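What follows is the content of target-v7.txt (compact mmCIF, C-alpha atoms).
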# COMPACT_ATOMS: atom_id res chain seq x y z
CA MET A 1 84.57 183.49 62.25
CA ALA A 2 87.00 182.74 59.46
CA VAL A 3 90.60 183.59 58.65
CA ARG A 4 92.06 182.89 55.22
CA VAL A 5 95.62 183.60 54.13
CA GLN A 6 96.14 182.87 50.47
CA GLN A 7 98.17 183.69 47.39
CA GLU A 8 95.28 183.61 44.92
CA ASP A 9 92.94 186.48 44.20
CA PHE A 10 89.44 186.55 45.62
CA ASP A 11 86.09 187.70 44.27
CA PHE A 12 85.08 190.51 46.56
CA GLY A 13 81.41 190.45 45.54
CA ALA A 14 81.10 186.70 45.93
CA GLU A 15 82.84 186.79 49.32
CA ALA A 16 80.61 189.60 50.57
CA ASP A 17 77.47 187.84 49.28
CA ALA A 18 78.42 184.52 50.86
CA PHE A 19 79.25 186.27 54.13
CA ALA A 20 75.92 188.08 54.28
CA GLU A 21 73.82 185.15 53.01
CA GLY A 22 70.99 184.14 55.34
CA ARG A 23 72.18 186.41 58.16
CA ALA A 24 68.87 186.89 59.91
CA ASP A 25 70.78 187.43 63.16
CA ALA A 26 72.70 190.44 61.85
CA GLY A 27 71.14 193.72 60.90
CA ALA A 28 74.49 195.08 59.73
CA VAL A 29 77.31 193.82 57.54
CA VAL A 30 80.39 195.98 57.02
CA THR A 31 83.07 195.09 54.48
CA PHE A 32 86.42 196.64 53.73
CA THR A 33 88.70 195.79 50.83
CA GLY A 34 92.32 196.88 50.56
CA LEU A 35 93.93 197.34 47.12
CA VAL A 36 97.55 197.72 46.09
CA ARG A 37 98.06 201.49 45.81
CA ASP A 38 100.35 202.71 43.05
CA ARG A 39 103.07 205.20 43.91
CA PRO A 40 102.25 208.88 43.29
CA ASP A 41 104.55 208.78 40.26
CA GLY A 42 102.76 205.71 38.89
CA GLY A 43 106.01 203.74 39.04
CA LEU A 44 104.99 200.73 41.09
CA ARG A 45 105.61 197.52 39.17
CA GLU A 46 104.46 195.20 41.89
CA MET A 47 104.02 194.79 45.61
CA GLU A 48 105.59 191.73 47.15
CA ILE A 49 103.95 190.56 50.33
CA GLU A 50 105.90 188.20 52.55
CA HIS A 51 104.44 186.53 55.63
CA TYR A 52 105.32 184.12 58.41
CA PRO A 53 103.12 181.13 57.58
CA ALA A 54 103.32 179.35 60.94
CA MET A 55 102.31 182.52 62.77
CA THR A 56 100.01 184.42 60.42
CA GLU A 57 96.69 182.64 60.92
CA ARG A 58 97.23 182.36 64.68
CA ALA A 59 98.06 186.04 65.01
CA ILE A 60 95.01 187.03 62.96
CA ALA A 61 92.76 184.64 64.89
CA ALA A 62 93.95 186.26 68.14
CA ILE A 63 93.10 189.73 66.77
CA GLU A 64 89.70 188.42 65.68
CA ALA A 65 89.07 186.89 69.13
CA GLU A 66 89.88 190.26 70.69
CA ALA A 67 87.33 191.95 68.41
CA VAL A 68 84.70 189.36 69.34
CA SER A 69 85.32 190.02 73.03
CA ARG A 70 84.88 193.78 72.58
CA TRP A 71 81.90 194.06 70.26
CA ASN A 72 78.67 192.25 69.74
CA LEU A 73 79.53 190.41 66.51
CA VAL A 74 77.75 187.45 65.01
CA ASP A 75 80.46 186.74 62.44
CA SER A 76 83.66 188.02 60.90
CA LEU A 77 85.88 187.21 57.95
CA ILE A 78 89.50 188.19 57.45
CA LEU A 79 91.15 187.39 54.15
CA HIS A 80 94.73 188.44 53.39
CA ARG A 81 96.84 187.67 50.35
CA TYR A 82 100.58 187.26 50.00
CA GLY A 83 102.90 186.99 47.01
CA ARG A 84 103.47 189.38 44.11
CA LEU A 85 100.58 191.74 43.42
CA ARG A 86 100.11 194.37 40.72
CA PRO A 87 98.86 197.91 41.38
CA GLY A 88 95.10 197.84 41.84
CA ALA A 89 95.06 194.18 42.90
CA ARG A 90 93.03 193.19 45.94
CA ILE A 91 95.27 192.60 48.97
CA MET A 92 92.82 191.86 51.71
CA MET A 93 89.29 192.12 52.96
CA VAL A 94 87.56 192.29 56.30
CA ALA A 95 83.87 191.66 56.87
CA THR A 96 81.96 191.97 60.12
CA ALA A 97 78.35 191.14 60.89
CA ALA A 98 76.58 192.48 63.95
CA PRO A 99 73.02 193.15 65.10
CA HIS A 100 73.75 196.90 64.86
CA ARG A 101 75.99 198.91 62.58
CA ALA A 102 78.03 200.67 65.28
CA ASP A 103 79.53 197.35 66.37
CA ALA A 104 80.11 196.21 62.79
CA PHE A 105 81.92 199.45 61.82
CA ALA A 106 84.00 199.67 65.01
CA ALA A 107 85.05 196.03 64.87
CA ALA A 108 86.03 196.34 61.19
CA GLU A 109 88.19 199.39 61.96
CA PHE A 110 89.77 197.64 64.93
CA LEU A 111 90.58 194.60 62.78
CA MET A 112 92.14 196.81 60.11
CA ASP A 113 94.26 198.75 62.59
CA TYR A 114 95.59 195.55 64.17
CA LEU A 115 96.15 193.76 60.87
CA LYS A 116 98.37 196.62 59.76
CA SER A 117 100.85 196.33 62.60
CA ARG A 118 100.25 193.07 64.49
CA ALA A 119 99.85 190.46 61.76
CA PRO A 120 103.16 189.16 60.37
CA PHE A 121 103.10 190.57 56.83
CA TRP A 122 105.78 192.68 55.19
CA LYS A 123 105.33 194.68 52.01
CA LYS A 124 108.01 195.44 49.48
CA GLU A 125 107.55 197.88 46.62
CA VAL A 126 109.19 196.95 43.34
CA THR A 127 109.85 199.76 40.85
CA ASP A 128 112.11 200.14 37.82
CA ALA A 129 114.67 201.71 40.16
CA GLY A 130 114.77 198.68 42.44
CA ALA A 131 112.92 197.25 45.41
CA GLU A 132 112.29 198.74 48.81
CA TRP A 133 110.62 197.43 51.98
CA VAL A 134 107.69 199.54 53.06
CA ALA A 135 108.49 201.14 56.42
CA ALA A 136 105.97 200.86 59.23
CA GLN A 137 104.28 204.20 59.84
CA ALA A 138 104.24 205.78 63.28
CA GLU A 139 100.59 206.68 62.68
CA ASP A 140 99.72 203.00 62.22
CA GLU A 141 101.23 202.19 65.60
CA ALA A 142 99.54 205.24 67.12
CA ALA A 143 96.19 204.08 65.71
CA LEU A 144 96.27 201.13 68.11
CA GLY A 145 96.20 203.56 71.02
CA ARG A 146 92.60 204.55 70.31
CA TRP A 147 91.39 201.06 71.16
CA MET B 148 119.98 173.56 73.09
CA LYS B 149 118.84 173.52 69.46
CA LEU B 150 116.69 176.33 68.10
CA THR B 151 115.17 177.15 64.74
CA VAL B 152 115.77 180.82 63.98
CA LEU B 153 113.78 182.50 61.22
CA TYR B 154 114.35 185.82 59.48
CA PHE B 155 111.84 187.83 57.48
CA ALA B 156 111.85 190.82 55.13
CA TRP B 157 115.06 192.91 55.23
CA VAL B 158 116.40 190.91 58.16
CA ARG B 159 116.32 187.83 55.92
CA GLU B 160 117.97 189.76 53.10
CA ARG B 161 120.77 191.15 55.28
CA ILE B 162 121.56 187.78 56.82
CA GLY B 163 121.15 186.03 53.50
CA LEU B 164 118.97 183.12 54.61
CA PRO B 165 115.38 182.54 55.70
CA ARG B 166 116.06 180.11 58.52
CA GLU B 167 118.77 178.18 60.28
CA THR B 168 119.21 175.81 63.18
CA ILE B 169 121.35 177.17 65.97
CA GLU B 170 122.98 175.48 68.93
CA THR B 171 122.93 177.94 71.80
CA ASP B 172 123.07 178.34 75.56
CA ALA B 173 121.51 181.81 75.45
CA ALA B 174 119.17 182.52 78.37
CA THR B 175 117.16 185.27 76.69
CA VAL B 176 116.42 186.52 73.20
CA ALA B 177 118.78 189.45 73.84
CA ASP B 178 121.59 186.99 74.70
CA LEU B 179 120.90 185.12 71.48
CA VAL B 180 121.08 188.38 69.53
CA GLU B 181 124.48 189.14 71.13
CA GLU B 182 125.68 185.69 70.15
CA LEU B 183 124.51 186.14 66.55
CA ARG B 184 126.03 189.63 66.31
CA GLY B 185 129.40 188.20 67.18
CA ARG B 186 129.30 185.71 64.34
CA GLU B 187 129.78 187.71 61.16
CA PRO B 188 129.32 191.27 59.87
CA ARG B 189 126.04 190.37 58.12
CA TYR B 190 124.49 189.51 61.51
CA GLU B 191 125.97 192.65 63.05
CA LEU B 192 124.34 194.62 60.24
CA ALA B 193 120.96 192.93 60.63
CA PHE B 194 120.90 193.38 64.42
CA ALA B 195 122.51 196.83 64.54
CA ASP B 196 119.37 198.59 65.79
CA LEU B 197 117.10 196.48 67.96
CA SER B 198 114.49 199.24 68.10
CA ALA B 199 113.94 198.54 64.38
CA LEU B 200 113.30 194.86 65.06
CA ARG B 201 110.51 192.73 66.42
CA VAL B 202 110.74 189.18 67.71
CA ALA B 203 108.35 186.25 67.94
CA VAL B 204 109.02 183.35 70.28
CA ASP B 205 107.24 180.15 69.24
CA GLN B 206 105.08 182.22 66.89
CA GLU B 207 103.95 184.74 69.51
CA LEU B 208 105.19 188.35 69.64
CA ALA B 209 107.64 188.71 72.52
CA ASP B 210 110.16 191.08 74.09
CA PHE B 211 113.92 190.86 73.76
CA ASP B 212 114.20 189.88 77.42
CA ALA B 213 111.97 186.83 76.89
CA PRO B 214 113.53 183.56 78.04
CA VAL B 215 114.76 181.10 75.42
CA ARG B 216 114.57 177.99 77.56
CA ASP B 217 112.26 175.27 76.14
CA VAL B 218 111.63 177.36 73.05
CA THR B 219 111.76 175.74 69.61
CA GLU B 220 111.41 178.68 67.21
CA ILE B 221 112.47 182.32 67.29
CA ALA B 222 111.77 184.74 64.47
CA PHE B 223 113.28 188.18 63.85
CA PHE B 224 111.66 190.72 61.56
CA PRO B 225 111.01 194.45 61.06
CA PRO B 226 107.76 196.04 62.27
CA MET B 227 104.89 194.48 60.38
CA THR B 228 103.22 196.19 57.42
CA GLY B 229 100.06 194.23 56.72
CA GLY B 230 96.61 195.41 55.74

So that I can check it, write out the structure of this file as structure tokens.
Amino acid sequence: MAVRVQQEDFDFGAEADAFAEGRADAGAVVTFTGLVRDRPDGGLREMEIEHYPAMTERAIAAIEAEAVSRWNLVDSLILHRYGRLRPGARIMMVATAAPHRADAFAAAEFLMDYLKSRAPFWKKEVTDAGAEWVAAQAEDEAALGRW
Amino acid sequence: MKLTVLYFAWVRERIGLPRETIETDAATVADLVEELRGREPRYELAFADLSALRVAVDQELADFDAPVRDVTEIAFFPPMTGG
């Protein structure tokens, strides 16, 4: 189980390889990578991601512990960046390893849903017209209800 | 009682600082919010709609009726937008 919160970019392939390396105990590895999505008009200059350093890793570790208690996982990795990111940049990744794929997929989705609205990150979109905080979506909150 | 109060995202921008130390006798987070609101218009603006705010007490998500006694750090912020 690992949680990393960092400003620097990460190599998705290398992270996924390292995570899956020598996993004889897991028949399934699921990975998800989130990228900075441009605005429909292509006008996003950058995405600023702020976080609450003293709380972030704890909050994510608690979400991870909840996933471990619900599904049969042999390992998980949660990596989330902060700072100023360009459109297309990697923001975060989640990896889960489990004996069977159903657990790996479900746990990865659970982690994503909770990271969106229970980990202390805030996104701000910067465009030529100015900067605006991204509003939390009701559907993100509603997504927690399915767990 | 001395408390560190932290502000994030637009709460930080409206208040104009990321953190401050506050001397307070507030019993709950809601009492502390009332106290802050009474200070200056920028606090009134930041705390105008509590339904748009979340609070963490000693780095754990909490409710506005959470007690403040023996707490060292309270953070106010909008709903989180990670992932």

Residues of chain B within 7 Å of chain A, all atoms listed in the file counted, as a ChimeraX atom specification: /B:156,206,226-230

Polymer residues at most 7 Å from Phe224 (chain B), all atoms listed in the file, same-chain spacing of 6 or more positions, as a PyMOL selection string: chain B and resi 154-156+158+200-202

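Here CA of Ala2 (chain A) is placed at a distance of 16.6 Å from CA of Gly22 (chain A).
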
Long-range neighbours of region 181-195 of chain B as a list in words, 9 Å cut-off, only C-alpha atoms, 5 positions minimum in chain: Trp157, Val158, Arg159, Glu160, Arg161, Ile162, Gly163, Thr171, Ala173, Val176 and Leu200 of chain B

Counting all atoms listed in the file, the option among B:Leu197, B:Leu164, B:Ala177, B:Ile169 closest to Glu220 (chain B):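 Of B:Leu197, B:Leu164, B:Ala177, B:Ile169, the one nearest Glu220 (chain B) is B:Ile169, counting all atoms listed in the file.
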
Residue with smallest distance to Leu144 (chain A) - pool A:Glu8, A:Asp128, A:Glu21, A:Glu109, counting all atoms listed in the file: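 Checking each candidate against Leu144 (chain A), we get A:Glu109 as the closest.
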